[in-house]
Amino acid sequence: MNTFGEDEGDLPVSLTLAVEEHIEEQISLCSSLEKIADSLPEDFDPRMCMLAAKSIYPVFKGAHDFEENVLFPYLAKKDGDRETLQQIFDRLHAEHWEDESFGEEVSEALIDLVNGEQDNPEKLGYMLRGFFEGVKRHIAFEREHLLPLISK
């Protein structure tokens with residue numbers, strides 16, 4: 001039995017499903033952030049802003065913790081080019097840290113917007129786009145480089 005309570009043969013399927021669930025959660029949050037960015041400066045939904053602001057850290061931290069504590073160790077145990085795999089892990093780990101840090105800034109800026117303390121909504125729109133576009137590139141890299149390794 002593995003940490004998912006399944007036979008080892010089912011582990012790649014379970015890991016793939018878990019990764020995809022985390023990805024879909026992140027993509028959904030990015031879609032909300034894009035809607036907010038599109039609504040600025042005057043038509044933003046304060047409730048949507050607060051929900052997004054409060055979701056950013058838990059969504060991304062949860063996905064990153066899963067990858068670094070479950071997925072990366074699983075992949076590290078498999079046969080393959082360890083040097084390339086370590087380069088992928090190092091890159092993704094650095095991006096995780098950057099996304100979490102930038103996400104905290106985005107979250108604070110959204111809360112400021114709702115509280116009427118955001119002095120430049122257009123700048124916030126650029127900030128939101130920079131954040132979610134970076135996340136989408138990160139996810140595309142994971143789909144291209146990590147997901148295929150799970151079932152090898």
# chains A, B, ... in the order shown; residues from 1 in each chain; ligands from 1
call {"tool": "residues_around", "arguments": {"residues": "Arg91 (chain A)", "least_positions_apart": "4", "cutoff": "12 Å", "atoms": "only C-alpha atoms", "output": "list in words"}}
result
Glu68, Thr84, Leu85, Gln86, Gln87, Glu95, His96, Trp97, Glu98, His138, Phe141, Glu142 and His145 of chain A
call {"tool": "write_last_selection", "arguments": {"atoms": "C-alpha atoms", "output": "compact mmCIF listing (two decimals), in the first residue's frame"}}
result
# COMPACT_ATOMS: atom_id res chain seq x y z
CA GLU A 68 7.92 18.79 -3.39
CA THR A 84 18.13 16.40 -15.72
CA LEU A 85 15.52 15.51 -13.13
CA GLN A 86 17.41 17.45 -10.45
CA GLN A 87 17.58 20.47 -12.78
CA GLU A 95 9.50 29.04 -9.22
CA HIS A 96 7.40 27.78 -6.30
CA TRP A 97 9.16 30.19 -3.98
CA GLU A 98 8.74 33.06 -6.46
CA HIS A 138 4.91 27.09 -14.78
CA PHE A 141 6.27 23.28 -18.00
CA GLU A 142 5.02 20.79 -15.39
CA HIS A 145 8.14 17.71 -18.24
call {"tool": "residues_around", "arguments": {"residues": "Ala109 (chain A)", "least_positions_apart": "5", "cutoff": "9 Å", "atoms": "only C-alpha atoms", "output": "number ranges by chain"}}
result
A: 53, 104, 114, 117-118, 124
call {"tool": "write_last_selection", "arguments": {"atoms": "N, CA and C atoms", "output": "CSV table (one decimal), in the first residue's frame"}}
result
chain,number,residue,atom,x,y,z
A,53,ALA,N,-8.0,36.7,-3.0
A,53,ALA,CA,-6.9,37.1,-2.1
A,53,ALA,C,-6.7,36.1,-1.0
A,104,GLU,N,1.7,36.5,-2.4
A,104,GLU,CA,1.4,37.2,-1.2
A,104,GLU,C,1.2,38.7,-1.5
A,114,VAL,N,-10.0,46.3,-2.3
A,114,VAL,CA,-11.3,46.2,-1.6
A,114,VAL,C,-11.5,47.2,-0.5
A,117,GLU,N,-7.8,51.2,-0.6
A,117,GLU,CA,-6.4,51.7,-0.3
A,117,GLU,C,-5.5,51.5,-1.5
A,118,GLN,N,-6.1,51.0,-2.6
A,118,GLN,CA,-5.3,50.8,-3.9
A,118,GLN,C,-5.3,52.1,-4.7
A,124,LEU,N,-2.3,47.4,-10.6
A,124,LEU,CA,-2.8,46.1,-10.1
A,124,LEU,C,-3.1,45.2,-11.2
call {"tool": "select_by_dssp", "arguments": {"residues": "chain A", "states": "helix (DSSP H, G or I)", "output": "PDB file with C-alpha atoms, in the first residue's frame"}}
result
ATOM      1  CA  GLU A   8       1.777   0.421  -5.891  1.00  0.00           C
ATOM      2  CA  GLY A   9       0.587  -0.295  -9.442  1.00  0.00           C
ATOM      3  CA  ASP A  10      -2.140   2.335  -9.019  1.00  0.00           C
ATOM      4  CA  LEU A  11       0.252   4.990  -7.732  1.00  0.00           C
ATOM      5  CA  PRO A  12       1.049   6.608 -11.110  1.00  0.00           C
ATOM      6  CA  VAL A  13      -2.666   7.054 -11.824  1.00  0.00           C
ATOM      7  CA  SER A  14      -3.276   8.489  -8.350  1.00  0.00           C
ATOM      8  CA  LEU A  15      -0.337  10.866  -8.655  1.00  0.00           C
ATOM      9  CA  THR A  16      -1.421  12.018 -12.090  1.00  0.00           C
ATOM     10  CA  LEU A  17      -4.954  12.655 -10.826  1.00  0.00           C
ATOM     11  CA  ALA A  18      -3.662  14.539  -7.781  1.00  0.00           C
ATOM     12  CA  VAL A  19      -1.363  16.696  -9.915  1.00  0.00           C
ATOM     13  CA  GLU A  20      -4.204  17.447 -12.333  1.00  0.00           C
ATOM     14  CA  GLU A  21      -6.501  18.398  -9.430  1.00  0.00           C
ATOM     15  CA  HIS A  22      -3.898  20.855  -8.136  1.00  0.00           C
ATOM     16  CA  ILE A  23      -3.400  22.214 -11.648  1.00  0.00           C
ATOM     17  CA  GLU A  24      -7.130  22.705 -12.194  1.00  0.00           C
ATOM     18  CA  GLU A  25      -7.445  24.503  -8.865  1.00  0.00           C
ATOM     19  CA  GLN A  26      -4.591  26.831  -9.824  1.00  0.00           C
ATOM     20  CA  ILE A  27      -6.002  27.434 -13.324  1.00  0.00           C
ATOM     21  CA  SER A  28      -9.405  28.236 -11.829  1.00  0.00           C
ATOM     22  CA  LEU A  29      -7.839  30.781  -9.498  1.00  0.00           C
ATOM     23  CA  CYS A  30      -5.882  32.259 -12.424  1.00  0.00           C
ATOM     24  CA  SER A  31      -9.178  32.618 -14.316  1.00  0.00           C
ATOM     25  CA  SER A  32     -10.648  34.530 -11.381  1.00  0.00           C
ATOM     26  CA  LEU A  33      -7.607  36.777 -11.265  1.00  0.00           C
ATOM     27  CA  GLU A  34      -7.923  37.397 -14.997  1.00  0.00           C
ATOM     28  CA  LYS A  35     -11.601  38.373 -14.563  1.00  0.00           C
ATOM     29  CA  ILE A  36     -10.581  40.785 -11.823  1.00  0.00           C
ATOM     30  CA  ALA A  37      -7.824  42.272 -13.990  1.00  0.00           C
ATOM     31  CA  ASP A  38     -10.292  42.692 -16.862  1.00  0.00           C
ATOM     32  CA  SER A  39     -12.767  44.449 -14.563  1.00  0.00           C
ATOM     33  CA  PRO A  46     -15.116  43.063  -4.078  1.00  0.00           C
ATOM     34  CA  ARG A  47     -16.312  39.611  -3.019  1.00  0.00           C
ATOM     35  CA  MET A  48     -14.424  37.930  -5.871  1.00  0.00           C
ATOM     36  CA  CYS A  49     -11.339  39.960  -4.957  1.00  0.00           C
ATOM     37  CA  MET A  50     -11.465  38.869  -1.317  1.00  0.00           C
ATOM     38  CA  LEU A  51     -12.074  35.223  -2.223  1.00  0.00           C
ATOM     39  CA  ALA A  52      -9.124  35.302  -4.607  1.00  0.00           C
ATOM     40  CA  ALA A  53      -6.919  37.122  -2.111  1.00  0.00           C
ATOM     41  CA  LYS A  54      -7.643  34.570   0.598  1.00  0.00           C
ATOM     42  CA  SER A  55      -7.229  31.609  -1.787  1.00  0.00           C
ATOM     43  CA  ILE A  56      -3.897  32.467  -3.372  1.00  0.00           C
ATOM     44  CA  TYR A  57      -1.555  31.272  -0.647  1.00  0.00           C
ATOM     45  CA  PRO A  58      -3.397  28.066   0.327  1.00  0.00           C
ATOM     46  CA  VAL A  59      -3.964  26.993  -3.287  1.00  0.00           C
ATOM     47  CA  PHE A  60      -0.385  27.497  -4.393  1.00  0.00           C
ATOM     48  CA  LYS A  61       1.261  26.401  -1.154  1.00  0.00           C
ATOM     49  CA  GLY A  62      -0.816  23.200  -1.156  1.00  0.00           C
ATOM     50  CA  ALA A  63       0.120  22.387  -4.744  1.00  0.00           C
ATOM     51  CA  HIS A  64       3.782  23.160  -4.162  1.00  0.00           C
ATOM     52  CA  ASP A  65       3.961  21.136  -0.948  1.00  0.00           C
ATOM     53  CA  PHE A  66       2.370  18.168  -2.724  1.00  0.00           C
ATOM     54  CA  GLU A  67       4.857  18.383  -5.574  1.00  0.00           C
ATOM     55  CA  GLU A  68       7.917  18.793  -3.391  1.00  0.00           C
ATOM     56  CA  ASN A  69       6.963  16.286  -0.667  1.00  0.00           C
ATOM     57  CA  VAL A  70       5.160  13.605  -2.694  1.00  0.00           C
ATOM     58  CA  LEU A  71       5.699  13.942  -6.436  1.00  0.00           C
ATOM     59  CA  PHE A  72       9.382  14.910  -6.547  1.00  0.00           C
ATOM     60  CA  PRO A  73      10.475  12.114  -4.158  1.00  0.00           C
ATOM     61  CA  TYR A  74       8.441   9.592  -6.161  1.00  0.00           C
ATOM     62  CA  LEU A  75      10.056  10.694  -9.423  1.00  0.00           C
ATOM     63  CA  ALA A  76      13.526  10.796  -7.830  1.00  0.00           C
ATOM     64  CA  LYS A  77      13.232   7.071  -7.017  1.00  0.00           C
ATOM     65  CA  ARG A  82      18.987  12.057 -12.431  1.00  0.00           C
ATOM     66  CA  GLU A  83      20.921  15.181 -13.437  1.00  0.00           C
ATOM     67  CA  THR A  84      18.125  16.404 -15.717  1.00  0.00           C
ATOM     68  CA  LEU A  85      15.524  15.514 -13.126  1.00  0.00           C
ATOM     69  CA  GLN A  86      17.406  17.454 -10.452  1.00  0.00           C
ATOM     70  CA  GLN A  87      17.582  20.469 -12.776  1.00  0.00           C
ATOM     71  CA  ILE A  88      13.804  20.270 -13.238  1.00  0.00           C
ATOM     72  CA  PHE A  89      13.251  20.011  -9.467  1.00  0.00           C
ATOM     73  CA  ASP A  90      15.576  22.950  -8.810  1.00  0.00           C
ATOM     74  CA  ARG A  91      13.835  25.099 -11.402  1.00  0.00           C
ATOM     75  CA  LEU A  92      10.357  24.252 -10.124  1.00  0.00           C
ATOM     76  CA  HIS A  93      11.386  24.747  -6.496  1.00  0.00           C
ATOM     77  CA  ALA A  94      12.688  28.233  -7.314  1.00  0.00           C
ATOM     78  CA  GLU A  95       9.496  29.037  -9.220  1.00  0.00           C
ATOM     79  CA  HIS A  96       7.404  27.776  -6.303  1.00  0.00           C
ATOM     80  CA  TRP A  97       9.159  30.194  -3.981  1.00  0.00           C
ATOM     81  CA  GLU A  98       8.738  33.061  -6.464  1.00  0.00           C
ATOM     82  CA  ASP A  99       5.051  32.281  -7.054  1.00  0.00           C
ATOM     83  CA  GLU A 100       4.333  32.126  -3.329  1.00  0.00           C
ATOM     84  CA  SER A 101       6.144  35.408  -2.683  1.00  0.00           C
ATOM     85  CA  PHE A 102       4.512  37.182  -5.627  1.00  0.00           C
ATOM     86  CA  GLY A 103       1.177  35.642  -4.638  1.00  0.00           C
ATOM     87  CA  GLU A 104       1.420  37.221  -1.194  1.00  0.00           C
ATOM     88  CA  GLU A 105       1.963  40.620  -2.809  1.00  0.00           C
ATOM     89  CA  VAL A 106      -0.996  40.075  -5.132  1.00  0.00           C
ATOM     90  CA  SER A 107      -3.161  39.020  -2.206  1.00  0.00           C
ATOM     91  CA  GLU A 108      -2.255  42.149  -0.228  1.00  0.00           C
ATOM     92  CA  ALA A 109      -2.902  44.366  -3.260  1.00  0.00           C
ATOM     93  CA  LEU A 110      -6.351  42.824  -3.781  1.00  0.00           C
ATOM     94  CA  ILE A 111      -7.241  43.395  -0.140  1.00  0.00           C
ATOM     95  CA  ASP A 112      -6.049  46.996  -0.472  1.00  0.00           C
ATOM     96  CA  LEU A 113      -8.292  47.369  -3.537  1.00  0.00           C
ATOM     97  CA  VAL A 114     -11.350  46.159  -1.637  1.00  0.00           C
ATOM     98  CA  PRO A 121      -5.858  49.883 -10.142  1.00  0.00           C
ATOM     99  CA  GLU A 122      -4.254  49.817 -13.603  1.00  0.00           C
ATOM    100  CA  LYS A 123      -0.944  48.871 -12.019  1.00  0.00           C
ATOM    101  CA  LEU A 124      -2.752  46.143 -10.082  1.00  0.00           C
ATOM    102  CA  GLY A 125      -4.130  44.820 -13.365  1.00  0.00           C
ATOM    103  CA  TYR A 126      -0.600  44.483 -14.739  1.00  0.00           C
ATOM    104  CA  MET A 127       0.482  42.856 -11.485  1.00  0.00           C
ATOM    105  CA  LEU A 128      -2.346  40.310 -11.680  1.00  0.00           C
ATOM    106  CA  ARG A 129      -1.518  39.511 -15.307  1.00  0.00           C
ATOM    107  CA  GLY A 130       2.158  39.088 -14.497  1.00  0.00           C
ATOM    108  CA  PHE A 131       1.276  36.682 -11.717  1.00  0.00           C
ATOM    109  CA  PHE A 132      -1.222  34.482 -13.516  1.00  0.00           C
ATOM    110  CA  GLU A 133       0.752  34.394 -16.766  1.00  0.00           C
ATOM    111  CA  GLY A 134       3.812  33.219 -14.823  1.00  0.00           C
ATOM    112  CA  VAL A 135       1.730  30.546 -13.115  1.00  0.00           C
ATOM    113  CA  LYS A 136       0.341  29.366 -16.460  1.00  0.00           C
ATOM    114  CA  ARG A 137       3.875  29.048 -17.882  1.00  0.00           C
ATOM    115  CA  HIS A 138       4.908  27.094 -14.778  1.00  0.00           C
ATOM    116  CA  ILE A 139       1.958  24.734 -15.185  1.00  0.00           C
ATOM    117  CA  ALA A 140       2.690  24.250 -18.890  1.00  0.00           C
ATOM    118  CA  PHE A 141       6.269  23.282 -17.997  1.00  0.00           C
ATOM    119  CA  GLU A 142       5.016  20.791 -15.393  1.00  0.00           C
ATOM    120  CA  ARG A 143       2.584  19.246 -17.857  1.00  0.00           C
ATOM    121  CA  GLU A 144       5.313  18.927 -20.461  1.00  0.00           C
ATOM    122  CA  HIS A 145       8.144  17.710 -18.238  1.00  0.00           C
ATOM    123  CA  LEU A 147       3.418  14.459 -15.952  1.00  0.00           C
ATOM    124  CA  PRO A 148       4.968  12.197 -18.611  1.00  0.00           C
ATOM    125  CA  LEU A 149       7.552  10.989 -16.055  1.00  0.00           C
ATOM    126  CA  ILE A 150       4.940   9.708 -13.631  1.00  0.00           C
TER     127      ILE A 150
END
